[in-house]
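One structure below.
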2 protein chains.
Amino acid sequence: MKKISSRTIARALLYLRTLETLIRDGKDTVSSRELARITGLTDVQIRKDISNFGKVGTPGVGYNVAELKKVLEDIVLAKKVIRMALFGAGHLGTAILKYPAFGKQKLRIVAAFDRDKRKIGRTINGVKVYPVEKAPEIIRKNRVDIGIIAVPPESGQKVADLMVLSGLKAIVNFAPVSLNVPGAVSVRDIDLSIEFLSVYCDTQK
Amino acid sequence: MKKISSRTIARALLYLRTLETLIRDGKDTVSSRELARITGLTDVQIRKDISNFGKVGTPGVGYNVAELKKVLEDIVLAKKVIRMALFGAGHLGTAILKYPAFGKQKLRIVAAFDRDKRKIGRTINGVKVYPVEKAPEIIRKNRVDIGIIAVPPESGQKVADLMVLSGLKAIVNFAPVSLNVPGAVSVRDIDLSIEFLSVYCDTQK
DNA sequence: AATAAATCGTGAAATTTGTAACGATTGCAT
DNA sequence: ATGCAATCGTTACAAATTTCACGATTTATT
C-alpha cells in the first residue's frame with residue numbers, strides 16, 4: 001500500500017471533523033465540491049486525498065457521509081483510545097487539561113506531571129498531577145501514546161529526554177525551544193509566538 | 001524583490017528565536033551547520049533561506065549573530081509592536097493572555113472580548129475583558145493587527161465575521177471549525193485535537 | 001430509451017519545495 | 001606566501017505536492 005503523507009493525514013483529520021458536523025446536521029451525502037466549500041480547499045484535492053484511502057464515492061452522487069467517516073477513521077484512527085501525558089501544569093497545561101473537545105474524541109490525558117510541589121497531588125479536570133520523577137513508570141504502565149510539553153523553554157529539552165527515555169514516540173511541544181530527539185520520535189512544535197507572527201507576516205507581503 | 005513563501009517566513013521566525021538564545025549565550029557567530037544542528041533542519045536549507053534575505057554570511061566564518069538577527073527582523077518584523085485582540089476568555093483564552101513569552105517580544109494583546117457577563121469588566125494579566133459588541137470600535141481605535149479566536153466552535157464563524165467587519169486581516173483560530181472569510185484575510189487554524197492526532201499518526205505508518 | 005447533468009477517480013502536467021554539488025571567499029597554520 | 005579547512009551563496013537537480021483534464025459512472029428528465 002502507498003504511504004500516505006503527513007499533510008494528507010492532517011487534511012483527512014480535517015475531513016473527519018467536517019463530516020462529524022455534517023452528520024449532526026443530518027446530511028447523508030456530500031460532494032467533493034461541498035467539502036471544498038466548507039474547508040476552503042479545492043474539490044480536486046479532496047477527491048485525490050480520499051482516493052488514497054480507496055474508492056468510496058459514487059459518481060454523480062458524492063460520498064456517503066457515514067461511510068466516508070468510517071473509511072477515514074479506520075485508516076487514520078484505528079485505535080480506540082489515544083492516551084496522552086502532559087508535562088507542565090501551568091496556565092497552558094491547565095487549559096489543555098480542560099480542553100472540552102477531547103471529551104468527544106478518542107484523545108484522553110491520563111496523567112500530568114509538574115515540578116512544583118504545590119501542584120503535585122492535585123487533580124485537574126479528573127487528571128492527577130504527579131512529580132516528574134514518576135513519569136517513566138506511569139507512562140509505561142498506562143501505555144501512553146503522546147507526550148505534551150507545556151513547560152518553560154529552559155526545561156523543554158530535559159522533559160523531551162525523559163519522554164524519549166520513557167518510550168514515547170510522539171511529542172507535541174508547546175515550549176518555544178527546538179528539541180533534540182532520535183529520528184524515530186515525531187515532534188510537532190507549536191510556538192504560539194511564531195504562529196501569531198507568521199500569520200501576521202502572511203498579510204504583509 | 002522575490003516573494004518569500006509562507007514556510008520560509010515561518011522558518012525565519014524559528015531562526016530568530018534560535019538567534020536570541022545564542023545571543024543570550026554570548027555567541028558572536030554561527031554557521032549554517034550549527035543552526036541546522038540546533039533546529040533539526042539541514043544546513044543547505046538554512047543557507048538557502050537566509051540567502052533570500054541578502055548576503056549576510058561570511059564564507060569560512062558563518063553568520064554574525066547580531067547582524068543576522070537584524071536582517072531577519074527588518075524583513076519579517078518591521079513593525080515595532082504587533083497588536084492582538086482575543087475573543088473568548090475561557091481556559092484557553094486565559095492561558096493565552098498569561099502566556100509569558102509575549103512579554104519579551106513584539107506581541108501584545110490589547111483587548112479581550114467575551115459574551116459572559118461575569119467575565120466582562122475583569123482584567124486578566126493587565127488586559128481588560130469587554131463585551132463582544134464593543135469589538136469593532138476597540139479594534140479600530142487600537143489598530144489591532146491580529147485576531148485570536150478562542151471561543152467554542154459554534155461561535156467561531158460569528159466571531160470571524162465580526163473580525164472581518166472590524167477590518168482585521170490576520171486571524172489565528174483555535175476553534176475546531178472551518179472559517180469562511182474573504183481571500184484577503186489570512187487564517188491560521190490550530191485545532192488541538194488535529195495536532196495531537198496527526199503527530200500520533202506520523203508514528204504509525 | 002436516450003440525453004443531460006453531476007460527480008468521482010486518476011494519469012499527466014505544472015508548481016512548489018527541498019537537496020545536492022560546487023565554485024568562491026575567508027581565516028589559520030606553517 | 002602558500003596550502004588547507006571551513007563555510008557561504010547559487011545553479012542545477014530531485015522530490016513532493018497540487019492542479020488540470022478527462023474518461024467513466026450514476027441519477028434525473030423527457
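Residues are referred to by chain and number: the chain letter is A, B, ... according to the order shown in the C-alpha cells, the number counts from 1 in that chain, and ligands are numbered separately from 1 in the order shown.
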
Discussion item. Residues near D:DT26, anyone? I mean within 12 Å using only C-alpha atoms (C1' of nucleotides), not counting same-chain ones fewer than 4 positions away, as a PyMOL selection string.
Written reply: (chain A and resi 57-62) or (chain C and resi 5-8)

Could you save the residues just selected, with N, CA and C atoms (P, O5', C5', C4', C3', O3' and C1' of nucleotides), as a PDB file, in the first residue's frame?
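Heads up, here's the output in out-v3.pdb:
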ATOM      1  N   GLY A  57     -16.467   6.946  -3.064  1.00  0.00           N
ATOM      2  CA  GLY A  57     -17.500   7.843  -3.572  1.00  0.00           C
ATOM      3  C   GLY A  57     -18.318   7.216  -4.690  1.00  0.00           C
ATOM      4  N   THR A  58     -19.430   7.860  -5.014  1.00  0.00           N
ATOM      5  CA  THR A  58     -20.277   7.414  -6.118  1.00  0.00           C
ATOM      6  C   THR A  58     -20.391   8.543  -7.126  1.00  0.00           C
ATOM      7  N   PRO A  59     -19.956   8.307  -8.358  1.00  0.00           N
ATOM      8  CA  PRO A  59     -20.047   9.365  -9.370  1.00  0.00           C
ATOM      9  C   PRO A  59     -21.479   9.840  -9.526  1.00  0.00           C
ATOM     10  N   GLY A  60     -21.653  11.123  -9.701  1.00  0.00           N
ATOM     11  CA  GLY A  60     -22.988  11.678  -9.844  1.00  0.00           C
ATOM     12  C   GLY A  60     -23.668  11.945  -8.520  1.00  0.00           C
ATOM     13  N   VAL A  61     -23.162  11.346  -7.454  1.00  0.00           N
ATOM     14  CA  VAL A  61     -23.811  11.486  -6.146  1.00  0.00           C
ATOM     15  C   VAL A  61     -22.896  12.180  -5.142  1.00  0.00           C
ATOM     16  N   GLY A  62     -21.721  11.623  -4.972  1.00  0.00           N
ATOM     17  CA  GLY A  62     -20.810  12.152  -3.952  1.00  0.00           C
ATOM     18  C   GLY A  62     -20.413  11.053  -2.990  1.00  0.00           C
TER      19      GLY A  62
ATOM     20  P    DA C   5     -27.357  19.757 -19.592  1.00  0.00           P
ATOM     21  O5'  DA C   5     -27.169  19.359 -18.063  1.00  0.00           O
ATOM     22  C5'  DA C   5     -28.319  19.081 -17.256  1.00  0.00           C
ATOM     23  C4'  DA C   5     -27.856  18.561 -15.905  1.00  0.00           C
ATOM     24  C3'  DA C   5     -26.623  19.283 -15.362  1.00  0.00           C
ATOM     25  O3'  DA C   5     -26.805  19.504 -13.976  1.00  0.00           O
ATOM     26  C1'  DA C   5     -26.180  16.969 -15.502  1.00  0.00           C
ATOM     27  P    DA C   6     -25.671  20.293 -13.132  1.00  0.00           P
ATOM     28  O5'  DA C   6     -25.080  19.157 -12.189  1.00  0.00           O
ATOM     29  C5'  DA C   6     -25.977  18.329 -11.438  1.00  0.00           C
ATOM     30  C4'  DA C   6     -25.191  17.188 -10.829  1.00  0.00           C
ATOM     31  C3'  DA C   6     -23.906  17.640 -10.119  1.00  0.00           C
ATOM     32  O3'  DA C   6     -23.958  17.126  -8.798  1.00  0.00           O
ATOM     33  C1'  DA C   6     -23.453  15.858 -11.628  1.00  0.00           C
ATOM     34  P    DT C   7     -22.945  17.581  -7.693  1.00  0.00           P
ATOM     35  O5'  DT C   7     -21.796  16.487  -7.832  1.00  0.00           O
ATOM     36  C5'  DT C   7     -22.106  15.128  -7.568  1.00  0.00           C
ATOM     37  C4'  DT C   7     -20.988  14.256  -8.040  1.00  0.00           C
ATOM     38  C3'  DT C   7     -19.591  14.704  -7.592  1.00  0.00           C
ATOM     39  O3'  DT C   7     -19.124  13.811  -6.610  1.00  0.00           O
ATOM     40  C1'  DT C   7     -19.625  13.834  -9.788  1.00  0.00           C
ATOM     41  P    DC C   8     -17.674  14.049  -5.921  1.00  0.00           P
ATOM     42  O5'  DC C   8     -16.983  12.661  -6.273  1.00  0.00           O
ATOM     43  C5'  DC C   8     -17.709  11.459  -6.071  1.00  0.00           C
ATOM     44  C4'  DC C   8     -17.094  10.345  -6.898  1.00  0.00           C
ATOM     45  C3'  DC C   8     -15.624  10.085  -6.574  1.00  0.00           C
ATOM     46  O3'  DC C   8     -15.429   8.701  -6.359  1.00  0.00           O
ATOM     47  C1'  DC C   8     -15.891  10.522  -8.906  1.00  0.00           C
TER      48       DC C   8
END

Enumerate, in order of chain and increasing residue number, the residues of chain D with an atom no farther than 8 Å from chain B, each with its shortest atom pair and distance in Å to one decimal, counting only C-alpha atoms (C1' of nucleotides), as CSV.
residue,atom,partner,partner_atom,distance
D:DA6,C1',B:Gly60,CA,4.6
D:DT7,C1',B:Gly60,CA,4.0
D:DC8,C1',B:Pro59,CA,4.3
D:DG9,C1',B:Ser51,CA,6.8

Of A:Arg122, A:Lys98, A:Lys69, A:Arg108, the one nearest to A:Arg17 when counting only C-alpha atoms is A:Lys69

ask   = Which polymer residues have any atom within 10 Å of an atom of B:Phe196, counting only C-alpha atoms (C1' of nucleotides), with same-chain residues fewer than 6 positions away left out, as a VMD selection string?
value = chain A and resid 82 84 107 146 to 148 170 to 172 188

List as a list in words the protein and nucleic acid residues near A:Arg7, meaning an atom at most 10 Å away when only C-alpha atoms (C1' of nucleotides) are counted, but skip any in the same chain fewer than 2 places from it.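 Those residues are Ile4, Ser5, Ile9, Ala10, Arg11, Ala12, Leu13 and Asp49 of chain A; Ser198 and Asp202 of chain B; DT17 of chain D.
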
| said: Please identify all residues of chain B having at least one atom at most 8 Å from any atom of chain A, considering only C-alpha atoms, and return them as a PyMOL selection string. | reply: chain B and resi 3+6+9-10+13-14+17-18+38-40+76-77+91-92+94-96+98-99+101-102+107+145-146+169-172+176-180+184-188+193-203+205

Practice prompt. Give me the residues within 9 Å of stretch 131-134 of chain B as a PyMOL selection string, counting only C-alpha atoms (C1' of nucleotides) and dropping any in the same chain fewer than 2 places off.
Written response: chain B and resi 87+112-117+119-121+129+136-139+159+162

Hey, can you spit out that residue selection with N, CA, C and O atoms as a PDB file, in the first residue's frame?
ATOM      1  N   PHE B  87     -10.638  36.813  21.426  1.00  0.00           N
ATOM      2  CA  PHE B  87     -12.068  36.559  21.611  1.00  0.00           C
ATOM      3  C   PHE B  87     -12.242  35.248  22.354  1.00  0.00           C
ATOM      4  O   PHE B  87     -11.830  34.205  21.860  1.00  0.00           O
ATOM      5  N   ALA B 112      -9.488  41.928  25.271  1.00  0.00           N
ATOM      6  CA  ALA B 112     -10.138  40.621  25.216  1.00  0.00           C
ATOM      7  C   ALA B 112     -11.639  40.842  25.168  1.00  0.00           C
ATOM      8  O   ALA B 112     -12.153  41.860  25.663  1.00  0.00           O
ATOM      9  N   PHE B 113     -12.336  39.911  24.542  1.00  0.00           N
ATOM     10  CA  PHE B 113     -13.792  40.015  24.418  1.00  0.00           C
ATOM     11  C   PHE B 113     -14.438  38.707  24.839  1.00  0.00           C
ATOM     12  O   PHE B 113     -13.888  37.639  24.576  1.00  0.00           O
ATOM     13  N   ASP B 114     -15.606  38.834  25.477  1.00  0.00           N
ATOM     14  CA  ASP B 114     -16.332  37.631  25.867  1.00  0.00           C
ATOM     15  C   ASP B 114     -17.817  37.963  25.922  1.00  0.00           C
ATOM     16  O   ASP B 114     -18.206  39.124  26.049  1.00  0.00           O
ATOM     17  N   ARG B 115     -18.634  36.931  25.815  1.00  0.00           N
ATOM     18  CA  ARG B 115     -20.082  37.096  25.889  1.00  0.00           C
ATOM     19  C   ARG B 115     -20.570  37.070  27.330  1.00  0.00           C
ATOM     20  O   ARG B 115     -21.610  37.618  27.667  1.00  0.00           O
ATOM     21  N   ASP B 116     -19.799  36.363  28.146  1.00  0.00           N
ATOM     22  CA  ASP B 116     -20.213  36.074  29.519  1.00  0.00           C
ATOM     23  C   ASP B 116     -20.140  37.329  30.393  1.00  0.00           C
ATOM     24  O   ASP B 116     -19.060  37.876  30.607  1.00  0.00           O
ATOM     25  N   LYS B 117     -21.293  37.758  30.899  1.00  0.00           N
ATOM     26  CA  LYS B 117     -21.342  38.993  31.694  1.00  0.00           C
ATOM     27  C   LYS B 117     -20.442  38.930  32.917  1.00  0.00           C
ATOM     28  O   LYS B 117     -19.938  39.936  33.391  1.00  0.00           O
ATOM     29  N   LYS B 119     -17.560  37.677  33.125  1.00  0.00           N
ATOM     30  CA  LYS B 119     -16.154  37.914  32.780  1.00  0.00           C
ATOM     31  C   LYS B 119     -15.905  39.349  32.343  1.00  0.00           C
ATOM     32  O   LYS B 119     -14.808  39.877  32.491  1.00  0.00           O
ATOM     33  N   ILE B 120     -16.952  39.966  31.793  1.00  0.00           N
ATOM     34  CA  ILE B 120     -16.800  41.327  31.270  1.00  0.00           C
ATOM     35  C   ILE B 120     -16.452  42.284  32.402  1.00  0.00           C
ATOM     36  O   ILE B 120     -17.051  42.227  33.473  1.00  0.00           O
ATOM     37  N   GLY B 121     -15.488  43.146  32.145  1.00  0.00           N
ATOM     38  CA  GLY B 121     -15.068  44.123  33.149  1.00  0.00           C
ATOM     39  C   GLY B 121     -13.861  43.650  33.941  1.00  0.00           C
ATOM     40  O   GLY B 121     -13.130  44.465  34.499  1.00  0.00           O
ATOM     41  N   VAL B 129     -11.408  42.763  29.799  1.00  0.00           N
ATOM     42  CA  VAL B 129     -12.375  41.971  29.025  1.00  0.00           C
ATOM     43  C   VAL B 129     -13.595  42.839  28.737  1.00  0.00           C
ATOM     44  O   VAL B 129     -14.239  43.342  29.659  1.00  0.00           O
ATOM     45  N   PRO B 136     -15.685  46.033  17.270  1.00  0.00           N
ATOM     46  CA  PRO B 136     -15.286  46.824  16.093  1.00  0.00           C
ATOM     47  C   PRO B 136     -14.650  48.152  16.484  1.00  0.00           C
ATOM     48  O   PRO B 136     -13.590  48.525  15.970  1.00  0.00           O
ATOM     49  N   GLU B 137     -15.273  48.833  17.409  1.00  0.00           N
ATOM     50  CA  GLU B 137     -14.768  50.139  17.826  1.00  0.00           C
ATOM     51  C   GLU B 137     -13.372  50.011  18.450  1.00  0.00           C
ATOM     52  O   GLU B 137     -12.436  50.729  18.074  1.00  0.00           O
ATOM     53  N   ILE B 138     -13.249  49.079  19.383  1.00  0.00           N
ATOM     54  CA  ILE B 138     -11.974  48.935  20.099  1.00  0.00           C
ATOM     55  C   ILE B 138     -10.866  48.457  19.165  1.00  0.00           C
ATOM     56  O   ILE B 138      -9.725  48.919  19.236  1.00  0.00           O
ATOM     57  N   ILE B 139     -11.215  47.564  18.269  1.00  0.00           N
ATOM     58  CA  ILE B 139     -10.212  47.042  17.332  1.00  0.00           C
ATOM     59  C   ILE B 139      -9.704  48.159  16.422  1.00  0.00           C
ATOM     60  O   ILE B 139      -8.507  48.287  16.176  1.00  0.00           O
ATOM     61  N   VAL B 159     -17.743  35.040  15.297  1.00  0.00           N
ATOM     62  CA  VAL B 159     -16.606  35.868  15.708  1.00  0.00           C
ATOM     63  C   VAL B 159     -15.760  36.244  14.500  1.00  0.00           C
ATOM     64  O   VAL B 159     -15.318  37.390  14.362  1.00  0.00           O
ATOM     65  N   LEU B 162     -17.302  39.035  12.643  1.00  0.00           N
ATOM     66  CA  LEU B 162     -17.101  40.291  13.367  1.00  0.00           C
ATOM     67  C   LEU B 162     -15.685  40.817  13.161  1.00  0.00           C
ATOM     68  O   LEU B 162     -15.471  42.032  13.006  1.00  0.00           O
TER      69      LEU B 162
END
